[in-house]
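This is run.cif. It holds mmCIF, N, CA and C atoms.
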```cif
data_structure
loop_
_atom_site.group_PDB
_atom_site.id
_atom_site.type_symbol
_atom_site.label_atom_id
_atom_site.label_comp_id
_atom_site.auth_asym_id
_atom_site.auth_seq_id
_atom_site.Cartn_x
_atom_site.Cartn_y
_atom_site.Cartn_z
ATOM 1 N N MET A 9 -85.808 -26.123 -26.404
ATOM 2 C CA MET A 9 -85.051 -25.352 -25.446
ATOM 3 C C MET A 9 -84.711 -26.257 -24.271
ATOM 4 N N LYS A 10 -83.476 -26.200 -23.825
ATOM 5 C CA LYS A 10 -83.060 -26.951 -22.644
ATOM 6 C C LYS A 10 -82.992 -26.003 -21.453
ATOM 7 N N LYS A 11 -83.512 -26.487 -20.337
ATOM 8 C CA LYS A 11 -83.498 -25.722 -19.088
ATOM 9 C C LYS A 11 -82.648 -26.509 -18.097
ATOM 10 N N TYR A 12 -81.564 -25.895 -17.599
ATOM 11 C CA TYR A 12 -80.639 -26.554 -16.681
ATOM 12 C C TYR A 12 -80.856 -26.059 -15.257
ATOM 13 N N PHE A 13 -80.559 -26.932 -14.292
ATOM 14 C CA PHE A 13 -80.729 -26.624 -12.876
ATOM 15 C C PHE A 13 -79.488 -27.065 -12.111
ATOM 16 N N GLN A 14 -79.200 -26.387 -11.024
ATOM 17 C CA GLN A 14 -78.060 -26.734 -10.176
ATOM 18 C C GLN A 14 -78.380 -27.904 -9.240
ATOM 19 N N THR A 15 -79.616 -27.942 -8.734
ATOM 20 C CA THR A 15 -80.010 -28.983 -7.779
ATOM 21 C C THR A 15 -81.367 -29.557 -8.162
ATOM 22 N N ARG A 16 -81.673 -30.715 -7.579
ATOM 23 C CA ARG A 16 -82.973 -31.344 -7.814
ATOM 24 C C ARG A 16 -84.095 -30.478 -7.229
ATOM 25 N N LEU A 17 -83.870 -29.909 -6.054
ATOM 26 C CA LEU A 17 -84.883 -29.065 -5.422
ATOM 27 C C LEU A 17 -85.208 -27.857 -6.300
ATOM 28 N N GLU A 18 -84.198 -27.225 -6.843
ATOM 29 C CA GLU A 18 -84.417 -26.100 -7.754
ATOM 30 C C GLU A 18 -85.250 -26.547 -8.963
ATOM 31 N N ALA A 19 -84.935 -27.712 -9.504
ATOM 32 C CA ALA A 19 -85.649 -28.231 -10.664
ATOM 33 C C ALA A 19 -87.108 -28.534 -10.345
ATOM 34 N N ILE A 20 -87.357 -29.212 -9.230
ATOM 35 C CA ILE A 20 -88.730 -29.564 -8.854
ATOM 36 C C ILE A 20 -89.548 -28.312 -8.566
ATOM 37 N N ASP A 21 -88.957 -27.321 -7.914
ATOM 38 C CA ASP A 21 -89.665 -26.053 -7.674
ATOM 39 C C ASP A 21 -90.050 -25.390 -8.988
ATOM 40 N N TRP A 22 -89.131 -25.402 -9.964
ATOM 41 C CA TRP A 22 -89.418 -24.793 -11.261
ATOM 42 C C TRP A 22 -90.529 -25.558 -11.975
ATOM 43 N N VAL A 23 -90.444 -26.888 -11.968
ATOM 44 C CA VAL A 23 -91.455 -27.727 -12.619
ATOM 45 C C VAL A 23 -92.820 -27.483 -11.990
ATOM 46 N N ALA A 24 -92.878 -27.374 -10.667
ATOM 47 C CA ALA A 24 -94.155 -27.140 -9.977
ATOM 48 C C ALA A 24 -94.800 -25.834 -10.434
ATOM 49 N N GLY A 25 -94.004 -24.824 -10.679
ATOM 50 C CA GLY A 25 -94.542 -23.553 -11.150
ATOM 51 C C GLY A 25 -94.874 -23.551 -12.639
ATOM 52 N N TYR A 26 -94.183 -24.380 -13.412
ATOM 53 C CA TYR A 26 -94.353 -24.406 -14.867
ATOM 54 C C TYR A 26 -95.490 -25.314 -15.321
ATOM 55 N N ALA A 27 -95.653 -26.442 -14.639
ATOM 56 C CA ALA A 27 -96.646 -27.444 -15.062
ATOM 57 C C ALA A 27 -98.067 -26.898 -14.942
ATOM 58 N N GLU A 28 -98.870 -27.203 -15.950
ATOM 59 C CA GLU A 28 -100.255 -26.745 -15.978
ATOM 60 C C GLU A 28 -101.195 -27.693 -15.243
ATOM 61 N N ASN A 29 -100.775 -28.944 -15.054
ATOM 62 C CA ASN A 29 -101.624 -29.921 -14.354
ATOM 63 C C ASN A 29 -100.728 -31.028 -13.783
ATOM 64 N N GLU A 30 -101.344 -31.925 -13.028
ATOM 65 C CA GLU A 30 -100.579 -32.978 -12.367
ATOM 66 C C GLU A 30 -99.914 -33.924 -13.366
ATOM 67 N N GLY A 31 -100.589 -34.238 -14.458
ATOM 68 C CA GLY A 31 -100.023 -35.117 -15.471
ATOM 69 C C GLY A 31 -98.769 -34.530 -16.085
ATOM 70 N N GLN A 32 -98.810 -33.252 -16.402
ATOM 71 C CA GLN A 32 -97.639 -32.587 -16.979
ATOM 72 C C GLN A 32 -96.500 -32.548 -15.957
ATOM 73 N N PHE A 33 -96.835 -32.313 -14.691
ATOM 74 C CA PHE A 33 -95.817 -32.321 -13.639
ATOM 75 C C PHE A 33 -95.100 -33.669 -13.596
ATOM 76 N N GLU A 34 -95.868 -34.755 -13.645
ATOM 77 C CA GLU A 34 -95.284 -36.104 -13.579
ATOM 78 C C GLU A 34 -94.388 -36.393 -14.781
ATOM 79 N N VAL A 35 -94.827 -35.994 -15.969
ATOM 80 C CA VAL A 35 -94.024 -36.219 -17.176
ATOM 81 C C VAL A 35 -92.702 -35.461 -17.081
ATOM 82 N N LEU A 36 -92.738 -34.217 -16.646
ATOM 83 C CA LEU A 36 -91.521 -33.421 -16.531
ATOM 84 C C LEU A 36 -90.612 -33.957 -15.428
ATOM 85 N N ARG A 37 -91.192 -34.397 -14.329
ATOM 86 C CA ARG A 37 -90.404 -34.967 -13.239
ATOM 87 C C ARG A 37 -89.686 -36.236 -13.698
ATOM 88 N N GLU A 38 -90.398 -37.077 -14.438
ATOM 89 C CA GLU A 38 -89.785 -38.304 -14.954
ATOM 90 C C GLU A 38 -88.663 -37.991 -15.946
ATOM 91 N N GLN A 39 -88.868 -36.980 -16.799
ATOM 92 C CA GLN A 39 -87.816 -36.588 -17.738
ATOM 93 C C GLN A 39 -86.585 -36.096 -16.973
ATOM 94 N N LEU A 40 -86.813 -35.319 -15.935
ATOM 95 C CA LEU A 40 -85.732 -34.812 -15.105
ATOM 96 C C LEU A 40 -84.929 -35.958 -14.491
ATOM 97 N N GLU A 41 -85.626 -36.947 -13.936
ATOM 98 C CA GLU A 41 -84.961 -38.103 -13.330
ATOM 99 C C GLU A 41 -84.181 -38.899 -14.373
ATOM 100 N N PHE A 42 -84.797 -39.144 -15.519
ATOM 101 C CA PHE A 42 -84.145 -39.879 -16.603
ATOM 102 C C PHE A 42 -82.861 -39.171 -17.038
ATOM 103 N N ASN A 43 -82.957 -37.865 -17.259
ATOM 104 C CA ASN A 43 -81.793 -37.104 -17.689
ATOM 105 C C ASN A 43 -80.672 -37.162 -16.654
ATOM 106 N N PHE A 44 -81.031 -37.097 -15.375
ATOM 107 C CA PHE A 44 -80.003 -37.127 -14.344
ATOM 108 C C PHE A 44 -79.334 -38.500 -14.272
ATOM 109 N N ILE A 45 -80.121 -39.560 -14.374
ATOM 110 C CA ILE A 45 -79.563 -40.914 -14.315
ATOM 111 C C ILE A 45 -78.526 -41.121 -15.420
ATOM 112 N N TYR A 46 -78.808 -40.643 -16.620
ATOM 113 C CA TYR A 46 -77.933 -40.909 -17.756
ATOM 114 C C TYR A 46 -76.873 -39.852 -18.026
ATOM 115 N N THR A 47 -77.040 -38.641 -17.477
ATOM 116 C CA THR A 47 -76.054 -37.591 -17.749
ATOM 117 C C THR A 47 -75.465 -36.968 -16.487
ATOM 118 N N GLN A 48 -76.025 -37.299 -15.321
ATOM 119 C CA GLN A 48 -75.597 -36.695 -14.050
ATOM 120 C C GLN A 48 -75.778 -35.176 -14.062
ATOM 121 N N THR A 49 -76.747 -34.711 -14.849
ATOM 122 C CA THR A 49 -77.069 -33.285 -14.951
ATOM 123 C C THR A 49 -78.580 -33.125 -14.850
ATOM 124 N N TYR A 50 -79.001 -32.140 -14.054
ATOM 125 C CA TYR A 50 -80.430 -31.842 -13.967
ATOM 126 C C TYR A 50 -80.811 -30.884 -15.091
ATOM 127 N N PHE A 51 -81.581 -31.386 -16.052
ATOM 128 C CA PHE A 51 -82.068 -30.522 -17.122
ATOM 129 C C PHE A 51 -83.356 -31.102 -17.702
ATOM 130 N N LEU A 52 -84.093 -30.227 -18.381
ATOM 131 C CA LEU A 52 -85.303 -30.607 -19.102
ATOM 132 C C LEU A 52 -85.150 -30.142 -20.536
ATOM 133 N N ASP A 53 -85.592 -30.970 -21.465
ATOM 134 C CA ASP A 53 -85.615 -30.604 -22.871
ATOM 135 C C ASP A 53 -87.063 -30.256 -23.196
ATOM 136 N N LEU A 54 -87.361 -28.966 -23.225
ATOM 137 C CA LEU A 54 -88.735 -28.491 -23.372
ATOM 138 C C LEU A 54 -89.053 -28.206 -24.833
ATOM 139 N N ASP A 55 -90.170 -28.741 -25.290
ATOM 140 C CA ASP A 55 -90.655 -28.486 -26.648
ATOM 141 C C ASP A 55 -91.616 -27.306 -26.624
ATOM 142 N N ASP A 56 -92.056 -26.913 -27.826
ATOM 143 C CA ASP A 56 -93.078 -25.878 -27.925
ATOM 144 C C ASP A 56 -94.403 -26.383 -27.359
ATOM 145 N N GLN A 57 -94.643 -27.682 -27.497
ATOM 146 C CA GLN A 57 -95.869 -28.305 -26.988
ATOM 147 C C GLN A 57 -95.624 -28.795 -25.563
ATOM 148 N N PRO A 58 -96.504 -28.483 -24.621
ATOM 149 C CA PRO A 58 -96.313 -28.995 -23.261
ATOM 150 C C PRO A 58 -96.441 -30.514 -23.208
ATOM 151 N N ALA A 59 -95.758 -31.120 -22.269
ATOM 152 C CA ALA A 59 -95.820 -32.575 -22.094
ATOM 153 C C ALA A 59 -97.218 -32.988 -21.627
ATOM 154 N N GLU A 60 -97.658 -34.156 -22.075
ATOM 155 C CA GLU A 60 -98.980 -34.654 -21.698
ATOM 156 C C GLU A 60 -98.909 -36.143 -21.411
ATOM 157 N N VAL A 61 -99.921 -36.622 -20.700
ATOM 158 C CA VAL A 61 -100.067 -38.043 -20.432
ATOM 159 C C VAL A 61 -101.264 -38.538 -21.225
ATOM 160 N N ALA A 62 -101.112 -39.642 -21.939
ATOM 161 C CA ALA A 62 -102.222 -40.228 -22.696
ATOM 162 C C ALA A 62 -102.689 -41.491 -21.998
ATOM 163 N N TRP A 63 -103.987 -41.653 -21.850
ATOM 164 C CA TRP A 63 -104.574 -42.840 -21.236
ATOM 165 C C TRP A 63 -104.994 -43.763 -22.370
ATOM 166 N N LEU A 64 -104.283 -44.884 -22.566
ATOM 167 C CA LEU A 64 -104.523 -45.760 -23.708
ATOM 168 C C LEU A 64 -105.362 -46.988 -23.369
ATOM 169 N N ASP A 65 -105.702 -47.173 -22.135
ATOM 170 C CA ASP A 65 -106.503 -48.316 -21.714
ATOM 171 C C ASP A 65 -107.936 -48.149 -22.217
ATOM 172 N N LYS A 66 -108.579 -49.244 -22.607
ATOM 173 C CA LYS A 66 -109.951 -49.167 -23.132
ATOM 174 C C LYS A 66 -110.978 -49.002 -22.024
ATOM 175 N N ARG A 67 -110.579 -49.287 -20.800
ATOM 176 C CA ARG A 67 -111.498 -49.088 -19.677
ATOM 177 C C ARG A 67 -111.724 -47.594 -19.456
ATOM 178 N N PRO A 68 -112.801 -47.232 -18.793
ATOM 179 C CA PRO A 68 -113.035 -45.806 -18.523
ATOM 180 C C PRO A 68 -111.884 -45.205 -17.704
ATOM 181 N N THR A 69 -111.626 -43.943 -17.927
ATOM 182 C CA THR A 69 -110.585 -43.244 -17.201
ATOM 183 C C THR A 69 -110.945 -43.187 -15.722
ATOM 184 N N PRO A 70 -110.015 -43.549 -14.820
ATOM 185 C CA PRO A 70 -110.310 -43.477 -13.393
ATOM 186 C C PRO A 70 -110.686 -42.068 -12.983
ATOM 187 N N GLY A 71 -111.567 -41.950 -12.010
ATOM 188 C CA GLY A 71 -112.062 -40.662 -11.573
ATOM 189 C C GLY A 71 -110.980 -39.716 -11.093
ATOM 190 N N PHE A 72 -109.910 -40.251 -10.496
ATOM 191 C CA PHE A 72 -108.867 -39.373 -9.987
ATOM 192 C C PHE A 72 -108.047 -38.715 -11.089
ATOM 193 N N LEU A 73 -108.196 -39.161 -12.343
ATOM 194 C CA LEU A 73 -107.477 -38.542 -13.455
ATOM 195 C C LEU A 73 -108.306 -37.474 -14.160
ATOM 196 N N HIS A 74 -109.514 -37.249 -13.758
ATOM 197 C CA HIS A 74 -110.355 -36.224 -14.398
ATOM 198 C C HIS A 74 -110.021 -34.870 -13.879
#
```
Any chance you could give the structure as structure tokens?
Amino acid sequence: MKKYFQTRLEAIDWVAGYAENEGQFEVLREQLEFNFIYTQTYFLDLDDQPAEVAWLDKRPTPGFLH
């Protein structure tokens, strides 16, 4: 499902209410920015699965990400 927005502020407000955690907020914000850079349109392409951030470093996860 694609969700379109008229302004960046409208989009960020929607993302803030939709995101379940800070990582998901960042992923959606980055997608929003990417889409705008390449299409000049504010939209999100939302899947059935919420966006997530994966920590692939072998070091322990930093405390601020817990």
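For the atom pair formed by atom N of A:Phe13 and atom N of A:Thr49, the distance is 8.7 Å, given to one decimal.
In this model, the gap between atom CA of A:Phe44 and atom N of A:Met9 comes to 17.3 Å.
We find atom N of A:Asn29 and atom N of A:Asp55 to be spaced 14.7 Å apart.
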Shell around A:Lys10 at 7 Å using all atoms listed in the file, local window under 4 positions removed, as a list in words: Phe51, Leu52, Asp53 and Leu54 of chain A
Dump of N, CA and C atoms for the selected residues, as an mmCIF file, in the frame of the given file:
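Contents of again_32.cif, freshly written:
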```
data_model
loop_
_atom_site.group_PDB
_atom_site.id
_atom_site.type_symbol
_atom_site.label_atom_id
_atom_site.label_comp_id
_atom_site.auth_asym_id
_atom_site.auth_seq_id
_atom_site.Cartn_x
_atom_site.Cartn_y
_atom_site.Cartn_z
ATOM 1 N N PHE A 51 -81.581 -31.386 -16.052
ATOM 2 C CA PHE A 51 -82.068 -30.522 -17.122
ATOM 3 C C PHE A 51 -83.356 -31.102 -17.702
ATOM 4 N N LEU A 52 -84.093 -30.227 -18.381
ATOM 5 C CA LEU A 52 -85.303 -30.607 -19.102
ATOM 6 C C LEU A 52 -85.150 -30.142 -20.536
ATOM 7 N N ASP A 53 -85.592 -30.970 -21.465
ATOM 8 C CA ASP A 53 -85.615 -30.604 -22.871
ATOM 9 C C ASP A 53 -87.063 -30.256 -23.196
ATOM 10 N N LEU A 54 -87.361 -28.966 -23.225
ATOM 11 C CA LEU A 54 -88.735 -28.491 -23.372
ATOM 12 C C LEU A 54 -89.053 -28.206 -24.833
#
```
Is it possible to add all heavy atoms to stretch 24-35 of chain A and hand it back as a PDB file, keeping the file's coordinate frame?
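Below is the file that was written, selection26.pdb:
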```pdb
ATOM      1  N   ALA A  24     -92.878 -27.374 -10.667  1.00  0.00           N
ATOM      2  CA  ALA A  24     -94.155 -27.140  -9.977  1.00  0.00           C
ATOM      3  C   ALA A  24     -94.800 -25.834 -10.434  1.00  0.00           C
ATOM      4  O   ALA A  24     -96.021 -25.748 -10.574  1.00  0.00           O
ATOM      5  CB  ALA A  24     -93.939 -27.135  -8.468  1.00  0.00           C
ATOM      6  N   GLY A  25     -94.004 -24.824 -10.679  1.00  0.00           N
ATOM      7  CA  GLY A  25     -94.542 -23.553 -11.150  1.00  0.00           C
ATOM      8  C   GLY A  25     -94.874 -23.551 -12.639  1.00  0.00           C
ATOM      9  O   GLY A  25     -95.747 -22.822 -13.086  1.00  0.00           O
ATOM     10  N   TYR A  26     -94.183 -24.380 -13.412  1.00  0.00           N
ATOM     11  CA  TYR A  26     -94.353 -24.406 -14.867  1.00  0.00           C
ATOM     12  C   TYR A  26     -95.490 -25.314 -15.321  1.00  0.00           C
ATOM     13  O   TYR A  26     -96.209 -24.984 -16.260  1.00  0.00           O
ATOM     14  CB  TYR A  26     -93.037 -24.865 -15.497  1.00  0.00           C
ATOM     15  CG  TYR A  26     -93.053 -24.976 -17.006  1.00  0.00           C
ATOM     16  CD1 TYR A  26     -92.871 -23.847 -17.802  1.00  0.00           C
ATOM     17  CD2 TYR A  26     -93.239 -26.195 -17.634  1.00  0.00           C
ATOM     18  CE1 TYR A  26     -92.874 -23.948 -19.185  1.00  0.00           C
ATOM     19  CE2 TYR A  26     -93.248 -26.308 -19.016  1.00  0.00           C
ATOM     20  CZ  TYR A  26     -93.068 -25.178 -19.792  1.00  0.00           C
ATOM     21  OH  TYR A  26     -93.085 -25.276 -21.151  1.00  0.00           O
ATOM     22  N   ALA A  27     -95.653 -26.442 -14.639  1.00  0.00           N
ATOM     23  CA  ALA A  27     -96.646 -27.444 -15.062  1.00  0.00           C
ATOM     24  C   ALA A  27     -98.067 -26.898 -14.942  1.00  0.00           C
ATOM     25  O   ALA A  27     -98.411 -26.246 -13.960  1.00  0.00           O
ATOM     26  CB  ALA A  27     -96.493 -28.704 -14.220  1.00  0.00           C
ATOM     27  N   GLU A  28     -98.870 -27.203 -15.950  1.00  0.00           N
ATOM     28  CA  GLU A  28    -100.255 -26.745 -15.978  1.00  0.00           C
ATOM     29  C   GLU A  28    -101.195 -27.693 -15.243  1.00  0.00           C
ATOM     30  O   GLU A  28    -102.304 -27.306 -14.891  1.00  0.00           O
ATOM     31  CB  GLU A  28    -100.715 -26.580 -17.425  1.00  0.00           C
ATOM     32  CG  GLU A  28     -99.935 -25.518 -18.167  1.00  0.00           C
ATOM     33  CD  GLU A  28    -100.310 -25.424 -19.633  1.00  0.00           C
ATOM     34  OE1 GLU A  28    -101.232 -26.151 -20.074  1.00  0.00           O
ATOM     35  OE2 GLU A  28     -99.674 -24.640 -20.346  1.00  0.00           O
ATOM     36  N   ASN A  29    -100.775 -28.944 -15.054  1.00  0.00           N
ATOM     37  CA  ASN A  29    -101.624 -29.921 -14.354  1.00  0.00           C
ATOM     38  C   ASN A  29    -100.728 -31.028 -13.783  1.00  0.00           C
ATOM     39  O   ASN A  29     -99.515 -31.058 -14.031  1.00  0.00           O
ATOM     40  CB  ASN A  29    -102.692 -30.495 -15.296  1.00  0.00           C
ATOM     41  CG  ASN A  29    -102.084 -31.082 -16.549  1.00  0.00           C
ATOM     42  OD1 ASN A  29    -101.186 -31.923 -16.489  1.00  0.00           O
ATOM     43  ND2 ASN A  29    -102.558 -30.621 -17.712  1.00  0.00           N
ATOM     44  N   GLU A  30    -101.344 -31.925 -13.028  1.00  0.00           N
ATOM     45  CA  GLU A  30    -100.579 -32.978 -12.367  1.00  0.00           C
ATOM     46  C   GLU A  30     -99.914 -33.924 -13.366  1.00  0.00           C
ATOM     47  O   GLU A  30     -98.781 -34.362 -13.167  1.00  0.00           O
ATOM     48  CB  GLU A  30    -101.496 -33.773 -11.439  1.00  0.00           C
ATOM     49  CG  GLU A  30    -100.764 -34.778 -10.582  1.00  0.00           C
ATOM     50  CD  GLU A  30    -101.678 -35.484  -9.601  1.00  0.00           C
ATOM     51  OE1 GLU A  30    -102.794 -35.024  -9.368  1.00  0.00           O
ATOM     52  OE2 GLU A  30    -101.245 -36.525  -9.085  1.00  0.00           O
ATOM     53  N   GLY A  31    -100.589 -34.238 -14.458  1.00  0.00           N
ATOM     54  CA  GLY A  31    -100.023 -35.117 -15.471  1.00  0.00           C
ATOM     55  C   GLY A  31     -98.769 -34.530 -16.085  1.00  0.00           C
ATOM     56  O   GLY A  31     -97.764 -35.227 -16.260  1.00  0.00           O
ATOM     57  N   GLN A  32     -98.810 -33.252 -16.402  1.00  0.00           N
ATOM     58  CA  GLN A  32     -97.639 -32.587 -16.979  1.00  0.00           C
ATOM     59  C   GLN A  32     -96.500 -32.548 -15.957  1.00  0.00           C
ATOM     60  O   GLN A  32     -95.337 -32.744 -16.314  1.00  0.00           O
ATOM     61  CB  GLN A  32     -98.007 -31.181 -17.434  1.00  0.00           C
ATOM     62  CG  GLN A  32     -96.913 -30.509 -18.222  1.00  0.00           C
ATOM     63  CD  GLN A  32     -97.299 -29.127 -18.689  1.00  0.00           C
ATOM     64  OE1 GLN A  32     -97.972 -28.396 -17.968  1.00  0.00           O
ATOM     65  NE2 GLN A  32     -96.878 -28.771 -19.880  1.00  0.00           N
ATOM     66  N   PHE A  33     -96.835 -32.313 -14.691  1.00  0.00           N
ATOM     67  CA  PHE A  33     -95.817 -32.321 -13.639  1.00  0.00           C
ATOM     68  C   PHE A  33     -95.100 -33.669 -13.596  1.00  0.00           C
ATOM     69  O   PHE A  33     -93.873 -33.731 -13.535  1.00  0.00           O
ATOM     70  CB  PHE A  33     -96.464 -32.012 -12.281  1.00  0.00           C
ATOM     71  CG  PHE A  33     -95.489 -32.076 -11.139  1.00  0.00           C
ATOM     72  CD1 PHE A  33     -94.728 -30.974 -10.804  1.00  0.00           C
ATOM     73  CD2 PHE A  33     -95.335 -33.236 -10.405  1.00  0.00           C
ATOM     74  CE1 PHE A  33     -93.820 -31.027  -9.756  1.00  0.00           C
ATOM     75  CE2 PHE A  33     -94.433 -33.315  -9.361  1.00  0.00           C
ATOM     76  CZ  PHE A  33     -93.674 -32.199  -9.034  1.00  0.00           C
ATOM     77  N   GLU A  34     -95.868 -34.755 -13.645  1.00  0.00           N
ATOM     78  CA  GLU A  34     -95.284 -36.104 -13.579  1.00  0.00           C
ATOM     79  C   GLU A  34     -94.388 -36.393 -14.781  1.00  0.00           C
ATOM     80  O   GLU A  34     -93.315 -36.976 -14.638  1.00  0.00           O
ATOM     81  CB  GLU A  34     -96.380 -37.160 -13.468  1.00  0.00           C
ATOM     82  CG  GLU A  34     -97.072 -37.175 -12.122  1.00  0.00           C
ATOM     83  CD  GLU A  34     -96.120 -37.478 -10.976  1.00  0.00           C
ATOM     84  OE1 GLU A  34     -95.261 -38.371 -11.131  1.00  0.00           O
ATOM     85  OE2 GLU A  34     -96.242 -36.819  -9.941  1.00  0.00           O
ATOM     86  N   VAL A  35     -94.827 -35.994 -15.969  1.00  0.00           N
ATOM     87  CA  VAL A  35     -94.024 -36.219 -17.176  1.00  0.00           C
ATOM     88  C   VAL A  35     -92.702 -35.461 -17.081  1.00  0.00           C
ATOM     89  O   VAL A  35     -91.634 -36.016 -17.366  1.00  0.00           O
ATOM     90  CB  VAL A  35     -94.801 -35.802 -18.445  1.00  0.00           C
ATOM     91  CG1 VAL A  35     -93.892 -35.771 -19.660  1.00  0.00           C
ATOM     92  CG2 VAL A  35     -95.973 -36.740 -18.671  1.00  0.00           C
TER      93      VAL A  35
END
```
